[in-house]
Amino acid sequence: MQITERTIDKHGQFLLTPELELEGWWTTLKYPSEDVFALYRDHATSEQFHSEIKTDLDLERLPSGKFASNTLVLTLGLFTYNMLRWIGLEGLIGEGSPVRHNAKRRRVKTVIQELIYIGAHIYERGRRLVIRFGRSTCAFFAFQKVYEKLCSG
């Protein structure tokens, strides 16, 4: 059980009498109640990841009526999602990131827009592939950081 007492509403208005909210859960988890409350509060993060997979990767509707085909699509979608999350953590957090505000993580849609949709010329020179970016590409340093991390590992 958890009781929350509010003396100010969501618009900043002070309340004459405090507003009490009582929450209660039944669980079979063998954790202290503080840990259960923390897990419950964090369920919104799980919902956000689920929403990203459905909307940003366009996996809201599965393409087939066969479970094996849908399993393959979901497996490849989750692999892609995890790779894009890694690229976002490496390239869009910290120095050289093209995004204008600080954040602990970026949505997959932001990663796709900032690092995947970069305009570049790819050509062959001396039997090697060369990628050339424009001078005004603000995401070049983030792309370079991710590329160097991939090549070193």
# chains A, B, ... in the order shown; residues from 1 in each chain; ligands from 1

call {"tool": "residues_around", "arguments": {"residues": "A:Arg6", "least_positions_apart": "2", "cutoff": "8 Å", "atoms": "only C-alpha atoms", "output": "number ranges by chain"}}
result
A: 4, 8-9, 18-20

call {"tool": "write_last_selection", "arguments": {"atoms": "all heavy atoms", "output": "compact mmCIF listing (two decimals), in the first residue's frame"}}
result
# COMPACT_ATOMS: atom_id res chain seq x y z
N THR A 4 -0.26 8.83 -1.07
CA THR A 4 0.38 10.05 -1.57
C THR A 4 -0.47 11.24 -1.14
O THR A 4 -1.69 11.25 -1.38
CB THR A 4 0.49 10.01 -3.11
OG1 THR A 4 1.17 8.82 -3.50
CG2 THR A 4 1.23 11.22 -3.63
N ILE A 8 -0.55 20.63 -3.71
CA ILE A 8 -0.57 21.49 -4.89
C ILE A 8 -1.07 20.64 -6.06
O ILE A 8 -0.64 19.49 -6.23
CB ILE A 8 0.84 22.03 -5.19
CG1 ILE A 8 1.37 22.84 -4.02
CG2 ILE A 8 0.85 22.88 -6.46
CD1 ILE A 8 2.80 23.30 -4.18
N ASP A 9 -1.97 21.19 -6.88
CA ASP A 9 -2.47 20.42 -8.02
C ASP A 9 -1.48 20.52 -9.19
O ASP A 9 -0.44 21.19 -9.10
CB ASP A 9 -3.87 20.84 -8.42
CG ASP A 9 -3.93 22.23 -9.04
OD1 ASP A 9 -2.88 22.88 -9.21
OD2 ASP A 9 -5.05 22.66 -9.39
N PRO A 18 -5.51 18.96 1.80
CA PRO A 18 -4.65 18.06 1.03
C PRO A 18 -5.45 16.96 0.34
O PRO A 18 -6.48 16.50 0.85
CB PRO A 18 -3.69 17.47 2.05
CG PRO A 18 -4.13 17.94 3.38
CD PRO A 18 -5.21 18.94 3.21
N GLU A 19 -4.98 16.57 -0.83
CA GLU A 19 -5.61 15.49 -1.59
C GLU A 19 -4.82 14.21 -1.31
O GLU A 19 -3.61 14.18 -1.46
CB GLU A 19 -5.55 15.83 -3.07
CG GLU A 19 -6.19 14.82 -3.97
CD GLU A 19 -6.07 15.24 -5.43
OE1 GLU A 19 -6.74 16.21 -5.81
OE2 GLU A 19 -5.28 14.61 -6.15
N LEU A 20 -5.53 13.17 -0.87
CA LEU A 20 -4.89 11.90 -0.55
C LEU A 20 -5.21 10.89 -1.64
O LEU A 20 -6.35 10.78 -2.09
CB LEU A 20 -5.37 11.37 0.80
CG LEU A 20 -5.06 12.26 2.01
CD1 LEU A 20 -5.70 11.68 3.26
CD2 LEU A 20 -3.57 12.39 2.20

call {"tool": "closest_atom_pairs", "arguments": {"of": "stretch 36-122 of chain A", "to": "stretch 127-141 of chain A", "cutoff": "6 Å", "atoms": "only C-alpha atoms", "output": "JSON lines"}}
result
{"residue": "A:Gly96", "atom": "CA", "partner": "A:Phe141", "partner_atom": "CA", "distance": 5.5}
{"residue": "A:Pro98", "atom": "CA", "partner": "A:Ala139", "partner_atom": "CA", "distance": 5.1}
{"residue": "A:Ala120", "atom": "CA", "partner": "A:Phe133", "partner_atom": "CA", "distance": 4.7}
{"residue": "A:His121", "atom": "CA", "partner": "A:Arg132", "partner_atom": "CA", "distance": 5.1}
{"residue": "A:Ile122", "atom": "CA", "partner": "A:Ile131", "partner_atom": "CA", "distance": 4.6}

call {"tool": "write_last_selection", "arguments": {"atoms": "N, CA and C atoms", "output": "PDB file, in the first residue's frame"}}
result
ATOM      1  N   GLY A  96      30.039  15.939 -29.580  1.00  0.00           N
ATOM      2  CA  GLY A  96      29.925  15.711 -31.014  1.00  0.00           C
ATOM      3  C   GLY A  96      28.563  15.259 -31.470  1.00  0.00           C
ATOM      4  N   PRO A  98      24.823  15.619 -32.761  1.00  0.00           N
ATOM      5  CA  PRO A  98      24.161  16.685 -33.504  1.00  0.00           C
ATOM      6  C   PRO A  98      22.871  17.194 -32.871  1.00  0.00           C
ATOM      7  N   ALA A 120      25.335  11.213 -48.232  1.00  0.00           N
ATOM      8  CA  ALA A 120      26.749  10.983 -48.467  1.00  0.00           C
ATOM      9  C   ALA A 120      26.932  10.377 -49.859  1.00  0.00           C
ATOM     10  N   HIS A 121      28.146  10.504 -50.370  1.00  0.00           N
ATOM     11  CA  HIS A 121      28.517   9.865 -51.627  1.00  0.00           C
ATOM     12  C   HIS A 121      29.373   8.648 -51.293  1.00  0.00           C
ATOM     13  N   ILE A 122      29.043   7.524 -51.879  1.00  0.00           N
ATOM     14  CA  ILE A 122      29.840   6.308 -51.696  1.00  0.00           C
ATOM     15  C   ILE A 122      30.420   5.953 -53.057  1.00  0.00           C
TER      16      ILE A 122
END

call {"tool": "closest_atom_pairs", "arguments": {"of": "stretch 54-88 of chain A", "to": "stretch 142-152 of chain A", "cutoff": "12 Å", "atoms": "only C-alpha atoms", "output": "tab-separated table"}}
result
residue	atom	partner	partner_atom	distance
A:Met83	CA	A:Val146	CA	11.3
A:Leu84	CA	A:Val146	CA	11.0
A:Arg85	CA	A:Val146	CA	11.8
A:Trp86	CA	A:Val146	CA	9.1
A:Ile87	CA	A:Val146	CA	6.5
A:Gly88	CA	A:Val146	CA	8.9

call {"tool": "write_last_selection", "arguments": {"atoms": "C-alpha atoms", "output": "PDB file, in the first residue's frame"}}
result
ATOM      1  CA  MET A  83      21.473  -2.005 -32.982  1.00  0.00           C
ATOM      2  CA  LEU A  84      19.793   1.385 -33.392  1.00  0.00           C
ATOM      3  CA  ARG A  85      19.685   1.834 -29.600  1.00  0.00           C
ATOM      4  CA  TRP A  86      23.415   1.040 -29.426  1.00  0.00           C
ATOM      5  CA  ILE A  87      24.132   3.514 -32.239  1.00  0.00           C
ATOM      6  CA  GLY A  88      22.079   6.119 -30.377  1.00  0.00           C
TER       7      GLY A  88
END

call {"tool": "select_by_dssp", "arguments": {"residues": "chain A", "states": "strand (DSSP E)", "output": "VMD selection string"}}
result
chain A and resid 2 to 8 14 to 23 120 to 125 128 to 133

call {"tool": "write_last_selection", "arguments": {"atoms": "N, CA and C atoms", "output": "PDB file, in the first residue's frame"}}
result
ATOM      1  N   GLN A   2       0.417   2.287  -0.653  1.00  0.00           N
ATOM      2  CA  GLN A   2       1.150   3.544  -0.699  1.00  0.00           C
ATOM      3  C   GLN A   2       0.137   4.683  -0.649  1.00  0.00           C
ATOM      4  N   ILE A   3       0.401   5.662   0.187  1.00  0.00           N
ATOM      5  CA  ILE A   3      -0.462   6.842   0.298  1.00  0.00           C
ATOM      6  C   ILE A   3       0.345   8.050  -0.169  1.00  0.00           C
ATOM      7  N   THR A   4      -0.257   8.833  -1.071  1.00  0.00           N
ATOM      8  CA  THR A   4       0.378  10.050  -1.569  1.00  0.00           C
ATOM      9  C   THR A   4      -0.473  11.240  -1.145  1.00  0.00           C
ATOM     10  N   GLU A   5       0.170  12.228  -0.539  1.00  0.00           N
ATOM     11  CA  GLU A   5      -0.530  13.444  -0.109  1.00  0.00           C
ATOM     12  C   GLU A   5      -0.082  14.590  -1.004  1.00  0.00           C
ATOM     13  N   ARG A   6      -1.047  15.259  -1.647  1.00  0.00           N
ATOM     14  CA  ARG A   6      -0.744  16.383  -2.515  1.00  0.00           C
ATOM     15  C   ARG A   6      -1.351  17.655  -1.932  1.00  0.00           C
ATOM     16  N   THR A   7      -0.531  18.695  -1.854  1.00  0.00           N
ATOM     17  CA  THR A   7      -1.022  19.999  -1.388  1.00  0.00           C
ATOM     18  C   THR A   7      -1.068  21.012  -2.516  1.00  0.00           C
ATOM     19  N   ILE A   8      -0.547  20.632  -3.705  1.00  0.00           N
ATOM     20  CA  ILE A   8      -0.571  21.489  -4.894  1.00  0.00           C
ATOM     21  C   ILE A   8      -1.066  20.643  -6.057  1.00  0.00           C
ATOM     22  N   PHE A  14      -2.366  25.927  -5.045  1.00  0.00           N
ATOM     23  CA  PHE A  14      -2.368  25.339  -3.704  1.00  0.00           C
ATOM     24  C   PHE A  14      -3.777  24.888  -3.352  1.00  0.00           C
ATOM     25  N   LEU A  15      -3.881  23.733  -2.702  1.00  0.00           N
ATOM     26  CA  LEU A  15      -5.170  23.179  -2.307  1.00  0.00           C
ATOM     27  C   LEU A  15      -5.485  23.581  -0.871  1.00  0.00           C
ATOM     28  N   LEU A  16      -6.763  23.855  -0.586  1.00  0.00           N
ATOM     29  CA  LEU A  16      -7.168  24.203   0.772  1.00  0.00           C
ATOM     30  C   LEU A  16      -7.017  23.007   1.705  1.00  0.00           C
ATOM     31  N   THR A  17      -7.437  21.858   1.236  1.00  0.00           N
ATOM     32  CA  THR A  17      -7.248  20.632   2.010  1.00  0.00           C
ATOM     33  C   THR A  17      -6.399  19.676   1.172  1.00  0.00           C
ATOM     34  N   PRO A  18      -5.508  18.961   1.802  1.00  0.00           N
ATOM     35  CA  PRO A  18      -4.647  18.058   1.029  1.00  0.00           C
ATOM     36  C   PRO A  18      -5.451  16.958   0.340  1.00  0.00           C
ATOM     37  N   GLU A  19      -4.979  16.571  -0.827  1.00  0.00           N
ATOM     38  CA  GLU A  19      -5.608  15.494  -1.585  1.00  0.00           C
ATOM     39  C   GLU A  19      -4.823  14.212  -1.306  1.00  0.00           C
ATOM     40  N   LEU A  20      -5.526  13.173  -0.866  1.00  0.00           N
ATOM     41  CA  LEU A  20      -4.891  11.898  -0.546  1.00  0.00           C
ATOM     42  C   LEU A  20      -5.210  10.887  -1.638  1.00  0.00           C
ATOM     43  N   GLU A  21      -4.197  10.147  -2.040  1.00  0.00           N
ATOM     44  CA  GLU A  21      -4.377   9.097  -3.041  1.00  0.00           C
ATOM     45  C   GLU A  21      -3.838   7.805  -2.448  1.00  0.00           C
ATOM     46  N   LEU A  22      -4.671   6.778  -2.438  1.00  0.00           N
ATOM     47  CA  LEU A  22      -4.304   5.485  -1.883  1.00  0.00           C
ATOM     48  C   LEU A  22      -4.137   4.497  -3.029  1.00  0.00           C
ATOM     49  N   GLU A  23      -2.955   3.864  -3.089  1.00  0.00           N
ATOM     50  CA  GLU A  23      -2.686   2.859  -4.108  1.00  0.00           C
ATOM     51  C   GLU A  23      -2.346   1.547  -3.410  1.00  0.00           C
ATOM     52  N   ALA A 120      25.335  11.213 -48.232  1.00  0.00           N
ATOM     53  CA  ALA A 120      26.749  10.983 -48.467  1.00  0.00           C
ATOM     54  C   ALA A 120      26.932  10.377 -49.859  1.00  0.00           C
ATOM     55  N   HIS A 121      28.146  10.504 -50.370  1.00  0.00           N
ATOM     56  CA  HIS A 121      28.517   9.865 -51.627  1.00  0.00           C
ATOM     57  C   HIS A 121      29.373   8.648 -51.293  1.00  0.00           C
ATOM     58  N   ILE A 122      29.043   7.524 -51.879  1.00  0.00           N
ATOM     59  CA  ILE A 122      29.840   6.308 -51.696  1.00  0.00           C
ATOM     60  C   ILE A 122      30.420   5.953 -53.057  1.00  0.00           C
ATOM     61  N   TYR A 123      31.737   5.825 -53.106  1.00  0.00           N
ATOM     62  CA  TYR A 123      32.382   5.467 -54.356  1.00  0.00           C
ATOM     63  C   TYR A 123      33.589   4.581 -54.073  1.00  0.00           C
ATOM     64  N   GLU A 124      34.089   3.965 -55.141  1.00  0.00           N
ATOM     65  CA  GLU A 124      35.231   3.065 -55.012  1.00  0.00           C
ATOM     66  C   GLU A 124      36.482   3.788 -55.482  1.00  0.00           C
ATOM     67  N   ARG A 125      37.536   3.664 -54.701  1.00  0.00           N
ATOM     68  CA  ARG A 125      38.810   4.312 -55.027  1.00  0.00           C
ATOM     69  C   ARG A 125      39.931   3.377 -54.594  1.00  0.00           C
ATOM     70  N   ARG A 128      38.820   0.234 -52.741  1.00  0.00           N
ATOM     71  CA  ARG A 128      38.259   0.456 -51.398  1.00  0.00           C
ATOM     72  C   ARG A 128      37.031   1.336 -51.530  1.00  0.00           C
ATOM     73  N   LEU A 129      36.056   1.072 -50.692  1.00  0.00           N
ATOM     74  CA  LEU A 129      34.874   1.927 -50.666  1.00  0.00           C
ATOM     75  C   LEU A 129      35.171   3.167 -49.836  1.00  0.00           C
ATOM     76  N   VAL A 130      34.778   4.311 -50.336  1.00  0.00           N
ATOM     77  CA  VAL A 130      34.999   5.590 -49.660  1.00  0.00           C
ATOM     78  C   VAL A 130      33.640   6.257 -49.473  1.00  0.00           C
ATOM     79  N   ILE A 131      33.420   6.791 -48.275  1.00  0.00           N
ATOM     80  CA  ILE A 131      32.202   7.548 -47.988  1.00  0.00           C
ATOM     81  C   ILE A 131      32.613   9.008 -47.845  1.00  0.00           C
ATOM     82  N   ARG A 132      31.953   9.875 -48.573  1.00  0.00           N
ATOM     83  CA  ARG A 132      32.271  11.297 -48.507  1.00  0.00           C
ATOM     84  C   ARG A 132      31.009  12.066 -48.106  1.00  0.00           C
ATOM     85  N   PHE A 133      31.153  12.848 -47.048  1.00  0.00           N
ATOM     86  CA  PHE A 133      30.048  13.649 -46.532  1.00  0.00           C
ATOM     87  C   PHE A 133      30.183  15.085 -47.026  1.00  0.00           C
TER      88      PHE A 133
END

call {"tool": "closest_atom_pairs", "arguments": {"of": "stretch 1-51 of chain A", "to": "stretch 57-73 of chain A", "cutoff": "12 Å", "atoms": "only C-alpha atoms", "output": "Markdown table"}}
result
| residue | atom | partner | partner_atom | distance |
| --- | --- | --- | --- | --- |
| A:Phe49 | CA | A:Leu57 | CA | 11.2 |
| A:His50 | CA | A:Glu60 | CA | 10.0 |
| A:Ser51 | CA | A:Glu60 | CA | 8.9 |

call {"tool": "write_last_selection", "arguments": {"atoms": "all heavy atoms", "output": "mmCIF file, in the first residue's frame"}}
result
data_model
loop_
_atom_site.group_PDB
_atom_site.id
_atom_site.type_symbol
_atom_site.label_atom_id
_atom_site.label_comp_id
_atom_site.auth_asym_id
_atom_site.auth_seq_id
_atom_site.Cartn_x
_atom_site.Cartn_y
_atom_site.Cartn_z
ATOM 1 N N PHE A 49 9.422 1.671 -24.645
ATOM 2 C CA PHE A 49 10.188 0.822 -25.550
ATOM 3 C C PHE A 49 9.252 0.063 -26.488
ATOM 4 O O PHE A 49 9.503 -0.041 -27.685
ATOM 5 C CB PHE A 49 11.046 -0.176 -24.772
ATOM 6 C CG PHE A 49 12.174 0.453 -24.007
ATOM 7 C CD1 PHE A 49 12.529 -0.037 -22.772
ATOM 8 C CD2 PHE A 49 12.888 1.521 -24.520
ATOM 9 C CE1 PHE A 49 13.578 0.522 -22.063
ATOM 10 C CE2 PHE A 49 13.941 2.081 -23.827
ATOM 11 C CZ PHE A 49 14.279 1.586 -22.590
ATOM 12 N N HIS A 50 8.170 -0.453 -25.948
ATOM 13 C CA HIS A 50 7.178 -1.175 -26.742
ATOM 14 C C HIS A 50 6.597 -0.261 -27.816
ATOM 15 O O HIS A 50 6.424 -0.655 -28.970
ATOM 16 C CB HIS A 50 6.096 -1.711 -25.806
ATOM 17 C CG HIS A 50 5.073 -2.542 -26.484
ATOM 18 N ND1 HIS A 50 3.782 -2.127 -26.652
ATOM 19 C CD2 HIS A 50 5.149 -3.771 -27.045
ATOM 20 C CE1 HIS A 50 3.100 -3.051 -27.284
ATOM 21 N NE2 HIS A 50 3.900 -4.060 -27.535
ATOM 22 N N SER A 51 6.294 0.981 -27.454
ATOM 23 C CA SER A 51 5.760 1.951 -28.405
ATOM 24 C C SER A 51 6.766 2.252 -29.510
ATOM 25 O O SER A 51 6.391 2.381 -30.680
ATOM 26 C CB SER A 51 5.397 3.242 -27.669
ATOM 27 O OG SER A 51 5.083 4.259 -28.582
#

call {"tool": "select_by_dssp", "arguments": {"residues": "stretch 20-134 of chain A", "states": "alpha helix (DSSP H)", "output": "PyMOL selection string"}}
result
chain A and resi 33-41+43-55+67-91+108-111

call {"tool": "closest_residue", "arguments": {"among": "A:Asp56, A:Glu114, A:Glu95, A:Glu90", "to": "A:Leu78", "atoms": "only C-alpha atoms"}}
result
A:Asp56
